[in-house]
$ cat start_31.txt   # compact mmCIF, C-alpha atoms
# COMPACT_ATOMS: atom_id res chain seq x y z
CA MET V 1 34.03 51.26 74.48
CA ALA V 2 31.28 53.56 73.39
CA ALA V 3 29.53 55.42 76.18
CA GLU V 4 26.00 54.21 76.92
CA MET V 5 23.54 56.56 75.24
CA GLU V 6 20.31 57.72 76.79
CA ALA V 7 17.17 57.34 74.65
CA LEU V 8 15.89 60.61 73.21
CA GLU V 9 12.20 61.35 72.97
CA LEU V 10 10.63 63.93 70.71
CA ARG V 11 6.96 64.81 70.51
CA VAL V 12 5.67 66.98 67.64
CA ARG V 13 2.12 68.36 67.42
CA VAL V 14 1.10 69.77 64.06
CA PRO V 15 -2.09 71.90 64.03
CA LEU V 16 -4.12 71.22 60.87
CA PRO V 17 -7.13 73.02 59.35
CA SER V 18 -9.74 70.44 60.47
CA VAL V 19 -10.30 67.06 62.11
CA ARG V 20 -10.97 65.66 58.64
CA VAL V 21 -7.55 66.79 57.38
CA ALA V 22 -5.86 65.37 60.47
CA ARG V 23 -7.57 62.00 59.93
CA VAL V 24 -6.66 61.90 56.25
CA ALA V 25 -3.04 62.72 57.13
CA LEU V 26 -2.98 59.95 59.75
CA GLY V 27 -4.45 57.50 57.21
CA ALA V 28 -1.92 58.53 54.56
CA LEU V 29 1.20 58.42 56.74
CA GLY V 30 0.41 55.80 59.36
CA PRO V 31 0.81 52.63 57.25
CA ASP V 32 4.44 53.47 56.33
CA LEU V 33 5.70 55.43 59.32
CA GLN V 34 4.30 53.33 62.14
CA PRO V 35 6.01 50.10 63.18
CA LEU V 36 3.46 47.59 61.88
CA PRO V 37 4.10 44.09 60.52
CA ARG V 38 4.25 44.06 56.72
CA PRO V 39 5.16 41.62 53.92
CA GLY V 40 8.91 41.61 53.42
CA GLY V 41 9.68 42.40 57.04
CA SER V 42 11.05 45.55 58.57
CA ASN V 43 10.38 49.27 58.36
CA PRO V 44 11.05 50.34 54.75
CA LEU V 45 12.36 53.77 55.76
CA PRO V 46 15.81 54.07 57.33
CA HIS V 47 14.62 56.03 60.38
CA PRO V 48 13.02 55.28 63.75
CA SER V 49 9.25 54.88 63.47
CA PRO V 50 7.05 57.41 65.28
CA HIS V 51 3.80 56.66 67.05
CA LEU V 52 1.14 58.73 65.32
CA ARG V 53 -2.29 59.78 66.52
CA CYS V 54 -4.93 62.44 65.97
CA CYS V 55 -5.85 64.79 68.80
CA GLY V 56 -8.79 66.72 67.37
CA GLU V 57 -7.38 68.95 64.66
CA GLN V 58 -3.82 68.11 65.60
CA LEU V 59 -1.61 65.33 64.30
CA GLU V 60 0.76 64.14 66.99
CA ALA V 61 3.95 62.21 66.36
CA CYS V 62 6.24 60.80 69.03
CA TRP V 63 9.68 59.30 68.43
CA VAL V 64 11.97 57.47 70.83
CA ALA V 65 15.46 56.96 69.39
CA ALA V 66 18.94 56.10 70.60
CA GLY V 67 20.61 59.02 68.85
CA ALA V 68 19.88 62.51 67.55
CA ARG V 69 20.87 61.57 64.02
CA GLY V 70 18.16 58.94 63.63
CA LEU V 71 15.66 61.23 65.30
CA ARG V 72 16.46 64.05 62.88
CA GLY V 73 16.05 61.69 59.90
CA GLY V 74 12.70 60.45 61.20
CA VAL V 75 11.33 63.95 61.80
CA THR V 76 12.52 65.21 58.42
CA SER V 77 10.94 62.26 56.63
CA PHE V 78 7.66 62.76 58.54
CA LEU V 79 7.49 66.49 57.77
CA GLU V 80 8.35 66.00 54.09
CA LEU V 81 5.61 63.40 53.65
CA LEU V 82 3.11 65.45 55.68
CA GLY V 83 3.87 68.40 53.39
CA LEU V 84 3.05 66.22 50.37
CA VAL V 85 -0.22 65.06 51.95
CA LEU V 86 -1.30 68.65 52.68
CA GLU V 87 -0.31 69.76 49.19
CA THR V 88 -2.32 66.86 47.72
CA ILE V 89 -5.38 67.88 49.78
CA GLU V 90 -4.94 71.53 48.79
CA ARG V 91 -4.72 70.61 45.11
CA PHE V 92 -7.34 67.86 44.86
CA GLY V 93 -9.76 68.71 47.68
CA VAL V 94 -10.43 67.40 51.16
CA GLY V 95 -13.48 65.39 50.08
CA GLU V 96 -16.96 65.05 51.47
CA GLY V 97 -16.09 63.84 54.97
CA ARG V 98 -17.32 65.87 57.93
CA ASP V 99 -15.29 66.57 61.01
CA ASP V 100 -17.60 64.61 63.31
CA ILE V 101 -17.68 61.38 61.27
CA PRO V 102 -14.85 59.15 60.03
CA PRO V 103 -14.01 59.09 56.28
CA SER V 104 -16.60 57.12 54.30
CA PRO V 105 -15.64 53.47 53.67
CA PRO V 106 -15.07 52.22 50.11
CA PRO V 107 -18.04 50.61 48.30
CA PRO V 108 -18.77 46.89 48.94
CA PHE V 109 -16.81 44.30 47.00
CA PRO V 110 -16.61 42.31 44.84
CA MET V 111 -18.09 44.78 42.38
CA ALA V 112 -19.96 43.48 39.37
CA LEU V 113 -17.73 44.58 36.54
CA PRO V 114 -17.98 43.66 32.86
CA PRO V 115 -15.52 40.96 31.70
CA ARG V 116 -12.42 42.05 29.82
CA GLU V 117 -12.57 41.67 26.05
CA MET M 1 -16.76 51.10 33.03
CA PRO M 2 -14.37 51.27 35.98
CA THR M 3 -11.59 53.77 35.59
CA VAL M 4 -8.40 53.45 37.60
CA LEU M 5 -5.70 56.03 38.32
CA GLY M 6 -2.29 54.37 38.76
CA LEU M 7 0.75 55.90 40.45
CA GLU M 8 4.26 54.48 40.05
CA GLY M 9 7.54 55.52 41.66
CA SER M 10 9.58 52.52 42.80
CA ALA M 11 12.86 53.63 41.21
CA ASN M 12 14.00 56.70 39.24
CA LYS M 13 10.79 57.08 37.20
CA VAL M 14 7.65 58.61 38.63
CA GLY M 15 4.40 58.37 36.73
CA ALA M 16 0.64 58.67 36.74
CA GLY M 17 -1.67 56.97 34.25
CA VAL M 18 -5.35 56.27 33.76
CA VAL M 19 -6.81 53.02 32.38
CA ARG M 20 -10.45 52.24 31.65
CA ASP M 21 -11.44 48.71 30.65
CA GLY M 22 -8.23 47.86 28.83
CA VAL M 23 -7.89 51.29 27.20
CA ILE M 24 -4.96 53.47 28.26
CA LEU M 25 -6.38 56.97 28.55
CA SER M 26 -3.20 58.68 29.71
CA ASN M 27 0.35 57.95 30.80
CA CYS M 28 2.50 60.78 32.17
CA ARG M 29 6.03 60.25 33.45
CA ALA M 30 9.15 62.04 34.69
CA THR M 31 12.65 60.60 35.14
CA TYR M 32 15.23 61.50 37.74
CA VAL M 33 18.44 61.72 35.72
CA THR M 34 21.79 61.86 37.52
CA PRO M 35 25.13 63.08 36.10
CA PRO M 36 27.40 60.58 34.27
CA GLY M 37 29.16 58.26 36.68
CA HIS M 38 26.44 58.52 39.33
CA GLY M 39 23.52 56.29 40.24
CA PHE M 40 20.31 57.40 41.91
CA ALA M 41 20.13 57.26 45.72
CA PRO M 42 16.80 56.81 47.56
CA GLY M 43 16.70 60.23 49.30
CA PRO M 44 17.25 62.49 46.27
CA THR M 45 15.04 60.22 44.13
CA GLY M 46 12.22 60.53 46.68
CA ARG M 47 12.58 64.32 46.70
CA HIS M 48 12.45 64.37 42.89
CA HIS M 49 9.25 62.31 42.90
CA ARG M 50 7.72 64.48 45.60
CA ALA M 51 8.29 67.57 43.45
CA ARG M 52 6.81 66.02 40.30
CA LEU M 53 4.07 63.61 41.35
CA LEU M 54 1.07 65.92 41.84
CA GLY M 55 1.75 67.69 38.54
CA LEU M 56 1.78 64.29 36.83
CA VAL M 57 -1.53 63.32 38.46
CA ALA M 58 -3.10 66.56 37.20
CA ALA M 59 -1.61 65.98 33.73
CA ALA M 60 -2.86 62.36 33.65
CA LEU M 61 -6.41 63.49 34.47
CA ARG M 62 -6.22 66.30 31.92
CA ASP M 63 -4.85 64.03 29.15
CA ALA M 64 -7.56 61.48 29.89
CA GLY M 65 -10.20 64.23 29.76
CA LEU M 66 -11.45 63.23 33.19
CA ARG M 67 -12.22 64.84 36.54
CA PRO M 68 -11.56 63.24 39.92
CA ARG M 69 -15.21 62.17 40.17
CA ASP M 70 -14.72 60.02 37.03
CA ILE M 71 -12.11 57.87 38.78
CA ASP M 72 -13.27 54.63 40.46
CA ALA M 73 -10.11 53.55 42.31
CA VAL M 74 -6.55 54.65 43.06
CA ALA M 75 -3.76 52.12 42.45
CA PHE M 76 -0.17 52.58 43.59
CA THR M 77 3.08 50.63 43.62
CA ARG M 78 3.39 48.98 47.01
CA GLY M 79 6.76 47.38 46.21
CA PRO M 80 9.33 46.17 45.46
CA GLY M 81 11.55 49.21 45.12
CA MET M 82 13.42 51.92 47.02
CA GLY M 83 11.86 52.95 50.34
CA SER M 84 11.82 56.71 50.05
CA PRO M 85 10.35 56.95 46.51
CA LEU M 86 7.78 54.26 47.33
CA ALA M 87 6.72 56.15 50.48
CA VAL M 88 6.17 59.38 48.52
CA VAL M 89 3.90 57.71 45.98
CA ALA M 90 2.04 55.71 48.64
CA ALA M 91 1.35 58.81 50.77
CA ALA M 92 -0.11 60.65 47.78
CA ALA M 93 -2.18 57.62 46.69
CA ARG M 94 -3.64 57.11 50.17
CA THR M 95 -4.49 60.80 50.41
CA LEU M 96 -6.26 60.79 47.03
CA ALA M 97 -8.18 57.60 47.86
CA GLN M 98 -9.39 59.11 51.13
CA VAL M 99 -10.34 62.57 49.85
CA TRP M 100 -12.09 61.13 46.80
CA GLY M 101 -13.71 58.34 48.86
CA LEU M 102 -12.30 55.59 46.59
CA PRO M 103 -10.90 52.09 47.08
CA LEU M 104 -7.12 51.77 47.31
CA LEU M 105 -5.23 49.13 45.30
CA GLY M 106 -1.68 48.25 46.39
CA VAL M 107 0.01 46.78 43.32
CA ASN M 108 3.12 44.62 43.07
CA HIS M 109 5.37 46.45 40.61
CA CYS M 110 6.40 43.27 38.76
CA VAL M 111 2.77 42.22 38.38
CA GLY M 112 2.09 45.68 36.94
CA HIS M 113 4.65 45.02 34.19
CA ILE M 114 3.15 41.60 33.48
CA GLU M 115 -0.46 42.81 33.31
CA MET M 116 0.45 45.69 30.99
CA GLY M 117 2.42 43.27 28.82
CA ARG M 118 -0.55 40.89 28.67
CA LEU M 119 -2.86 43.74 27.73
CA LEU M 120 -0.63 45.01 24.91
CA GLY M 121 0.76 41.65 23.80
CA ARG M 122 -2.71 40.14 23.35
CA ALA M 123 -1.41 36.85 24.74
CA PRO M 124 -3.58 35.24 27.40
CA ASP M 125 -0.98 32.95 28.97
CA PRO M 126 2.57 33.76 27.87
CA LEU M 127 5.94 32.96 29.40
CA VAL M 128 7.30 36.25 30.72
CA LEU M 129 10.89 37.49 30.69
CA TYR M 130 11.00 40.47 33.03
CA VAL M 131 14.24 42.43 32.70
CA SER M 132 14.85 45.77 34.38
CA GLY M 133 17.24 47.68 36.61
CA GLY M 134 15.94 45.97 39.74
CA ASN M 135 14.64 42.60 38.54
CA THR M 136 15.52 39.74 36.21
CA GLN M 137 12.96 36.94 36.27
CA VAL M 138 11.55 34.23 34.02
CA ILE M 139 7.89 33.90 35.01
CA ALA M 140 4.95 31.69 34.14
CA PHE M 141 1.43 31.62 35.57
CA SER M 142 0.43 28.53 37.47
CA ARG M 143 -2.17 27.88 40.16
CA ARG M 144 -3.09 31.53 40.79
CA ARG M 145 0.48 32.84 41.08
CA TYR M 146 3.05 34.28 38.74
CA ARG M 147 5.71 31.64 39.51
CA ILE M 148 9.37 32.52 39.14
CA PHE M 149 10.98 29.73 37.14
CA GLY M 150 14.36 31.42 36.89
CA GLU M 151 15.91 34.64 38.17
CA THR M 152 19.16 36.42 38.79
CA LEU M 153 21.11 35.12 41.75
CA ASP M 154 22.56 38.57 42.45
CA VAL M 155 22.22 41.85 40.50
CA ALA M 156 19.61 42.52 37.82
CA VAL M 157 20.69 42.72 34.19
CA GLY M 158 19.68 46.40 34.03
CA ASN M 159 21.72 47.14 37.13
CA CYS M 160 24.71 45.44 35.51
CA LEU M 161 24.29 47.63 32.39
CA ASP M 162 23.79 50.81 34.45
CA ARG M 163 26.86 50.22 36.58
CA PHE M 164 29.00 49.48 33.53
CA ALA M 165 27.75 52.75 32.01
CA ARG M 166 28.92 54.51 35.18
CA LEU M 167 32.33 52.90 34.81
CA LEU M 168 32.62 54.29 31.28
CA GLN M 169 31.15 57.66 32.37
CA ILE M 170 28.36 57.23 29.80
CA SER M 171 25.50 59.72 29.99
CA ASN M 172 22.35 58.75 31.94
CA GLU M 173 20.26 60.78 29.47
CA PRO M 174 17.87 59.40 28.20
CA SER M 175 19.03 56.21 29.94
CA PRO M 176 22.38 54.45 30.44
CA GLY M 177 21.04 51.24 28.88
CA TYR M 178 20.01 53.03 25.68
CA ASN M 179 23.42 54.68 25.38
CA ILE M 180 25.16 51.31 25.84
CA GLU M 181 22.94 49.88 23.09
CA VAL M 182 23.90 52.69 20.70
CA LEU M 183 27.63 52.25 21.41
CA ALA M 184 27.33 48.44 21.09
CA ARG M 185 26.12 48.80 17.49
CA ARG M 186 29.59 50.11 16.62
CA GLY M 187 31.46 47.36 18.50
CA ARG M 188 33.67 45.09 16.35
CA ARG M 189 35.57 42.87 18.77
CA LEU M 190 33.94 40.35 21.11
CA VAL M 191 35.83 40.28 24.40
CA GLU M 192 35.37 37.01 26.27
CA LEU M 193 33.45 37.60 29.51
CA PRO M 194 32.17 35.35 32.32
CA TYR M 195 28.99 33.54 31.26
CA VAL M 196 27.11 32.22 34.30
CA VAL M 197 23.93 30.18 33.86
CA LYS M 198 22.80 27.74 36.54
CA GLY M 199 19.73 25.82 35.44
CA LEU M 200 17.13 28.52 34.88
CA ASP M 201 19.00 31.09 36.96
CA VAL M 202 21.61 33.62 35.85
CA SER M 203 24.31 35.63 37.62
CA PHE M 204 25.65 39.00 36.51
CA SER M 205 27.81 40.11 39.45
CA GLY M 206 30.88 38.15 38.29
CA LEU M 207 30.49 39.57 34.81
CA LEU M 208 30.31 43.10 36.21
CA SER M 209 33.26 42.60 38.59
CA HIS M 210 35.34 41.21 35.73
CA LEU M 211 34.50 44.21 33.55
CA GLN M 212 35.35 46.59 36.38
CA ALA M 213 38.74 44.89 36.72
CA VAL M 214 39.73 44.62 33.04
CA THR M 215 38.12 47.68 31.43
CA PRO M 216 40.80 50.27 32.41
CA LYS M 217 43.60 47.94 31.26
CA LEU M 218 41.93 47.03 27.95
CA LEU M 219 41.17 50.66 27.13
CA GLU M 220 44.65 51.87 28.10
CA ALA M 221 46.38 49.14 26.05
CA GLY M 222 44.12 49.87 23.07
CA GLU M 223 43.01 46.24 23.02
CA ALA M 224 39.32 47.18 23.06
CA THR M 225 37.23 50.30 22.59
CA PRO M 226 34.27 51.33 24.76
CA GLU M 227 32.10 50.25 21.83
CA ASP M 228 33.70 46.77 21.83
CA LEU M 229 33.08 46.42 25.56
CA CYS M 230 29.43 47.51 25.31
CA PHE M 231 28.97 45.05 22.43
CA SER M 232 30.61 42.23 24.41
CA LEU M 233 28.57 42.94 27.53
CA GLN M 234 25.30 42.92 25.59
CA GLU M 235 26.12 39.77 23.63
CA THR M 236 27.15 37.87 26.77
CA ALA M 237 24.37 39.02 29.13
CA PHE M 238 21.62 38.69 26.52
CA ALA M 239 22.84 35.23 25.43
CA MET M 240 22.51 34.13 29.07
CA LEU M 241 18.95 35.48 29.20
CA THR M 242 18.06 33.87 25.88
CA GLU M 243 19.39 30.51 27.02
CA VAL M 244 17.36 30.38 30.24
CA THR M 245 14.26 31.70 28.45
CA GLU M 246 14.54 28.96 25.83
CA ARG M 247 14.86 26.38 28.59
CA ALA M 248 11.75 27.77 30.32
CA LEU M 249 9.81 27.75 27.03
CA ALA M 250 10.68 24.07 26.61
CA LEU M 251 9.66 23.35 30.20
CA THR M 252 6.34 25.21 30.16
CA ARG M 253 5.52 24.51 26.48
CA ALA M 254 4.35 28.13 26.21
CA THR M 255 3.62 29.33 22.70
CA HIS M 256 4.12 33.04 23.42
CA LEU M 257 6.95 34.96 25.06
CA LEU M 258 6.28 38.32 26.67
CA LEU M 259 9.26 40.63 27.18
CA VAL M 260 8.68 43.34 29.81
CA GLY M 261 10.69 45.79 31.93
CA GLY M 262 13.01 48.65 30.98
CA VAL M 263 15.65 46.42 29.35
CA ALA M 264 12.91 45.08 27.04
CA CYS M 265 13.42 48.27 25.00
CA ASN M 266 16.80 46.94 23.86
CA ARG M 267 16.56 46.02 20.17
CA ARG M 268 19.44 43.54 20.32
CA LEU M 269 17.77 41.58 23.13
CA GLN M 270 14.51 41.61 21.18
CA GLU M 271 16.33 40.31 18.09
CA MET M 272 18.03 37.46 19.97
CA LEU M 273 14.78 36.38 21.62
CA ARG M 274 12.83 36.64 18.36
CA THR M 275 15.38 34.41 16.62
CA MET M 276 15.21 31.86 19.44
CA CYS M 277 11.39 31.91 19.48
CA ARG M 278 11.21 31.43 15.72
CA ALA M 279 13.49 28.39 15.94
CA ARG M 280 11.20 26.90 18.60
CA GLY M 281 7.93 27.67 16.83
CA ALA M 282 6.97 30.21 19.50
CA GLU M 283 6.12 33.87 19.10
CA LEU M 284 7.61 36.95 20.74
CA CYS M 285 4.67 39.21 21.65
CA PRO M 286 4.67 42.75 20.24
CA ILE M 287 6.58 45.22 22.43
CA ASP M 288 5.46 48.80 22.97
CA GLU M 289 8.49 50.60 24.38
CA ARG M 290 6.37 53.38 25.93
CA TYR M 291 5.06 50.86 28.42
CA CYS M 292 8.21 48.78 28.99
CA VAL M 293 9.78 51.52 31.08
CA ASP M 294 8.17 51.97 34.53
CA ASN M 295 4.91 53.88 34.18
CA GLY M 296 1.68 54.71 35.98
CA ALA M 297 -0.60 53.12 33.37
CA MET M 298 0.74 49.64 34.10
CA ILE M 299 -0.07 50.10 37.79
CA ALA M 300 -3.54 51.28 36.80
CA GLN M 301 -3.99 48.19 34.59
CA ALA M 302 -2.94 45.75 37.32
CA GLY M 303 -5.14 47.71 39.74
CA TRP M 304 -8.04 47.43 37.30
CA GLU M 305 -7.65 43.64 37.35
CA MET M 306 -7.52 43.64 41.17
CA LEU M 307 -10.62 45.83 41.38
CA ARG M 308 -12.45 43.52 38.99
CA ALA M 309 -11.69 40.61 41.33
CA GLY M 310 -12.54 42.58 44.49
CA GLN M 311 -8.92 42.47 45.67
CA VAL M 312 -8.87 45.83 47.42
CA THR M 313 -6.14 46.97 49.84
CA GLU M 314 -7.32 48.18 53.25
CA LEU M 315 -5.77 51.49 54.23
CA ALA M 316 -4.22 50.09 57.41
CA GLN M 317 -2.71 47.19 55.44
CA SER M 318 -1.30 49.33 52.62
CA GLY M 319 2.25 49.78 53.94
CA ILE M 320 4.99 49.81 51.33
CA THR M 321 7.56 47.03 51.21
CA GLN M 322 10.95 47.09 49.53
CA ARG M 323 10.99 43.31 49.18
CA TYR M 324 7.87 42.00 47.52
CA ARG M 325 8.38 39.01 45.29
CA THR M 326 6.23 38.47 42.22
CA ASP M 327 5.10 35.07 43.52
CA GLU M 328 3.83 36.54 46.82
CA VAL M 329 0.76 37.93 45.07
CA GLU M 330 -2.33 35.76 44.81
CA VAL M 331 -3.59 36.46 41.30
CA THR M 332 -7.31 36.25 42.00
CA TRP M 333 -8.27 37.74 38.64
CA ARG M 334 -6.98 34.77 36.58
CA ASP M 335 -8.06 31.13 36.55
$ encode --input "start_31.txt" --output "structure tokens"
Amino acid sequence: MAAEMEALELRVRVPLPSVRVARVALGALGPDLQPLPRPGGSNPLPHPSPHLRCCGEQLEACWVAAGARGLRGGVTSFLELLGLVLETIERFGVGEGRDDIPPSPPPPFPMALPPRE
Amino acid sequence: MPTVLGLEGSANKVGAGVVRDGVILSNCRATYVTPPGHGFAPGPTGRHHRARLLGLVAAALRDAGLRPRDIDAVAFTRGPGMGSPLAVVAAAARTLAQVWGLPLLGVNHCVGHIEMGRLLGRAPDPLVLYVSGGNTQVIAFSRRRYRIFGETLDVAVGNCLDRFARLLQISNEPSPGYNIEVLARRGRRLVELPYVVKGLDVSFSGLLSHLQAVTPKLLEAGEATPEDLCFSLQETAFAMLTEVTERALALTRATHLLLVGGVACNRRLQEMLRTMCRARGAELCPIDERYCVDNGAMIAQAGWEMLRAGQVTELAQSGITQRYRTDEVEVTWRD
């Protein structure tokens, strides 16, 4: 019989350039990495889901997993995607949002658009 | 004049394209090609997409002659597809939507193929045969959904072709399916293979298993060449598809057939379907092979339709999903 394994917990805090960047990163990563209900069922990534939150200019991720292997996969996936988010911001700009206000919401819908020809 | 940037990356292609009011302004793409005998696994495919995606976005904007402020919405493939590649594209799309302050549009990949096919095929309400590496479906629009009238019961036809190419160690460059098509043109002997049609559904796993079992023996005994086997596989699999499509045409009384997905590039499949359509008095819509293969422009086009109908995806609800059937989407932009 396999020995009973103790749950492992890992907390990672990533300092980012601004509150705005931290919020954008949370918005970009949260929908896929966090354990939320979605069409089609379970978590699409083969790793344990972290709990994500912003603490000022820091993005904090916390995993609880049964084994080190799953934990390692989850952290690697998180850091790779966070790297992409930061590279995207670096390349295409952080936008107009200010650190003391949340990102601006999209315009109201439905929009009046011309019919397709 | 809403302009939509579309990002695609559900399988081994990653792409970015821009569409404005039915005009494709740009369509940039990169393909993750593996060595002969190997398929593409989610992890390495995701890393490939991560390395290429932002360059493709920049190229798509440049080719379209636009700046970020000219874009009105960001569309991305929400599913179905492989988890890791989907997550890469979704993370970049959400970031762009937030930093540019734009609406986000989570697009069903299959619906992207259909909407691009409708745009290019100039057919308002066609029957759709969607054939690719991940999907094989016969689809018709009814009561605000793209309803699946028939589909594969196991593997997709493109997956069957790809895995047979691996068995023969055929190159994956430019694509295994294209190389099978080229070899099949030189085939002379038709080897009898399992032909499985059940109503409007098809099955390819038995056909593939049979080929995996007999191919080494047939080649070793000199009873068939690789060309003969490619020819036999195409003739059998495509005849199955043509049969169920003809049945669906009769059922729906559609006058136009739209062929979409990566396998739609196959000239032999096009020929068989065109012959069948002609005999039934129907028409096979024109096929532009640049947009049959997965691409960003098709996601932009489906996103454009969603935007027009006000069907925007909230950031918190934009999680990717590997299983996302075509008929799960409420098509609010069509009556």
$ residues_near_point --input "start_31.txt" --point "(-5.1, 65.7, 56.6)" --cutoff "10 Å" --atoms "only C-alpha atoms" --output "ChimeraX atom specification"
/V:16-29,54,57-59,82-83,85-90,94 /M:95,98-99
$ atom_distance --input "start_31.txt" --atom1 "CA of Pro31 in chain V" --atom2 "CA of Ala316 in chain M"
5.6 Å
$ residues_around --input "start_31.txt" --residues "Glu235 in chain M" --least-positions-apart "5" --cutoff "9 Å" --atoms "all atoms listed in the file" --output "list in words"
Leu190, Cys230, Met240, Arg268 and Leu269 of chain M
$ interface_residues --input "start_31.txt" --of "chain M" --to "chain V" --cutoff "7 Å" --atoms "all atoms listed in the file" --output "compact mmCIF listing (two decimals) with C-alpha atoms, in the coordinates of the input"
# COMPACT_ATOMS: atom_id res chain seq x y z
CA ASP M 21 -11.44 48.71 30.65
CA ARG M 50 7.72 64.48 45.60
CA LEU M 54 1.07 65.92 41.84
CA GLY M 83 11.86 52.95 50.34
CA SER M 84 11.82 56.71 50.05
CA ALA M 87 6.72 56.15 50.48
CA VAL M 88 6.17 59.38 48.52
CA ALA M 91 1.35 58.81 50.77
CA ALA M 92 -0.11 60.65 47.78
CA ARG M 94 -3.64 57.11 50.17
CA THR M 95 -4.49 60.80 50.41
CA GLN M 98 -9.39 59.11 51.13
CA VAL M 99 -10.34 62.57 49.85
CA TRP M 100 -12.09 61.13 46.80
CA GLY M 101 -13.71 58.34 48.86
CA LEU M 102 -12.30 55.59 46.59
CA PRO M 103 -10.90 52.09 47.08
CA ARG M 308 -12.45 43.52 38.99
CA ALA M 309 -11.69 40.61 41.33
CA GLY M 310 -12.54 42.58 44.49
CA LEU M 315 -5.77 51.49 54.23
CA ALA M 316 -4.22 50.09 57.41
CA GLN M 317 -2.71 47.19 55.44
CA SER M 318 -1.30 49.33 52.62
CA GLY M 319 2.25 49.78 53.94
CA ILE M 320 4.99 49.81 51.33
CA THR M 321 7.56 47.03 51.21
CA GLN M 322 10.95 47.09 49.53
CA ARG M 323 10.99 43.31 49.18
CA TYR M 324 7.87 42.00 47.52
$ closest_residue --input "start_31.txt" --among "M:Met1, M:Val244, M:Leu56, M:Leu307" --to "Cys28 in chain M" --atoms "all atoms listed in the file"
M:Leu56
$ closest_residue --input "start_31.txt" --among "M:Val196, M:Val214, M:Ala221, M:Leu249" --to "Thr236 in chain M" --atoms "all atoms listed in the file"
M:Val196
$ atom_distance --input "start_31.txt" --atom1 "CA of Gln212 in chain M" --atom2 "CA of Thr152 in chain M"
19.3 Å
$ residues_around --input "start_31.txt" --residues "Thr255 in chain M" --least-positions-apart "5" --cutoff "7 Å" --atoms "only C-alpha atoms" --output "PyMOL selection string"
chain M and resi 126+282-283
$ write_last_selection --input "start_31.txt" --atoms "C-alpha atoms" --output "CSV table (one decimal), keeping the file's coordinate frame"
chain,number,residue,atom,x,y,z
M,126,PRO,CA,2.6,33.8,27.9
M,282,ALA,CA,7.0,30.2,19.5
M,283,GLU,CA,6.1,33.9,19.1
$ atom_distance --input "start_31.txt" --atom1 "CA of Asn12 in chain M" --atom2 "CA of Asn295 in chain M"
10.8 Å
$ axis_aligned_box --input "start_31.txt" --around "range 97-103 of chain M" --padding-each-side "4 Å" --output "JSON"
{"center_x": -10.9, "center_y": 57.3, "center_z": 48.9, "size_x": 13.5, "size_y": 18.5, "size_z": 12.5}
$ closest_residue --input "start_31.txt" --among "M:Leu105, M:Leu161, M:Ala254, M:Met272" --to "Ala239 in chain M" --atoms "all atoms listed in the file"
M:Met272
$ residues_near_point --input "start_31.txt" --point "(5.4, 58.3, 39.6)" --cutoff "12 Å" --atoms "all atoms listed in the file" --output "count of residues only"
55
$ decode --input "start_31.txt" --residues "range 104-111 of chain M" --atoms "N, CA, C and O atoms" --output "PDB file, in the first residue's frame"
ATOM      1  N   LEU M 104     -13.764  41.495 -25.100  1.00  0.00           N
ATOM      2  CA  LEU M 104     -13.161  40.193 -25.370  1.00  0.00           C
ATOM      3  C   LEU M 104     -14.232  39.290 -25.971  1.00  0.00           C
ATOM      4  O   LEU M 104     -15.383  39.312 -25.526  1.00  0.00           O
ATOM      5  N   LEU M 105     -13.852  38.489 -26.970  1.00  0.00           N
ATOM      6  CA  LEU M 105     -14.811  37.608 -27.637  1.00  0.00           C
ATOM      7  C   LEU M 105     -14.257  36.187 -27.642  1.00  0.00           C
ATOM      8  O   LEU M 105     -13.287  35.900 -28.351  1.00  0.00           O
ATOM      9  N   GLY M 106     -14.837  35.312 -26.823  1.00  0.00           N
ATOM     10  CA  GLY M 106     -14.397  33.919 -26.758  1.00  0.00           C
ATOM     11  C   GLY M 106     -15.121  33.108 -27.821  1.00  0.00           C
ATOM     12  O   GLY M 106     -16.325  32.914 -27.746  1.00  0.00           O
ATOM     13  N   VAL M 107     -14.375  32.629 -28.809  1.00  0.00           N
ATOM     14  CA  VAL M 107     -14.979  32.013 -29.996  1.00  0.00           C
ATOM     15  C   VAL M 107     -14.840  30.494 -29.945  1.00  0.00           C
ATOM     16  O   VAL M 107     -13.780  29.970 -29.590  1.00  0.00           O
ATOM     17  N   ASN M 108     -15.901  29.795 -30.312  1.00  0.00           N
ATOM     18  CA  ASN M 108     -15.831  28.352 -30.520  1.00  0.00           C
ATOM     19  C   ASN M 108     -15.085  28.120 -31.841  1.00  0.00           C
ATOM     20  O   ASN M 108     -15.463  28.650 -32.893  1.00  0.00           O
ATOM     21  N   HIS M 109     -14.044  27.308 -31.778  1.00  0.00           N
ATOM     22  CA  HIS M 109     -13.181  27.078 -32.937  1.00  0.00           C
ATOM     23  C   HIS M 109     -13.963  26.580 -34.164  1.00  0.00           C
ATOM     24  O   HIS M 109     -13.738  27.051 -35.289  1.00  0.00           O
ATOM     25  N   CYS M 110     -14.888  25.662 -33.939  1.00  0.00           N
ATOM     26  CA  CYS M 110     -15.670  25.092 -35.046  1.00  0.00           C
ATOM     27  C   CYS M 110     -16.548  26.168 -35.684  1.00  0.00           C
ATOM     28  O   CYS M 110     -16.688  26.238 -36.919  1.00  0.00           O
ATOM     29  N   VAL M 111     -17.123  27.017 -34.843  1.00  0.00           N
ATOM     30  CA  VAL M 111     -17.956  28.111 -35.352  1.00  0.00           C
ATOM     31  C   VAL M 111     -17.093  29.088 -36.157  1.00  0.00           C
ATOM     32  O   VAL M 111     -17.534  29.650 -37.167  1.00  0.00           O
TER      33      VAL M 111
END
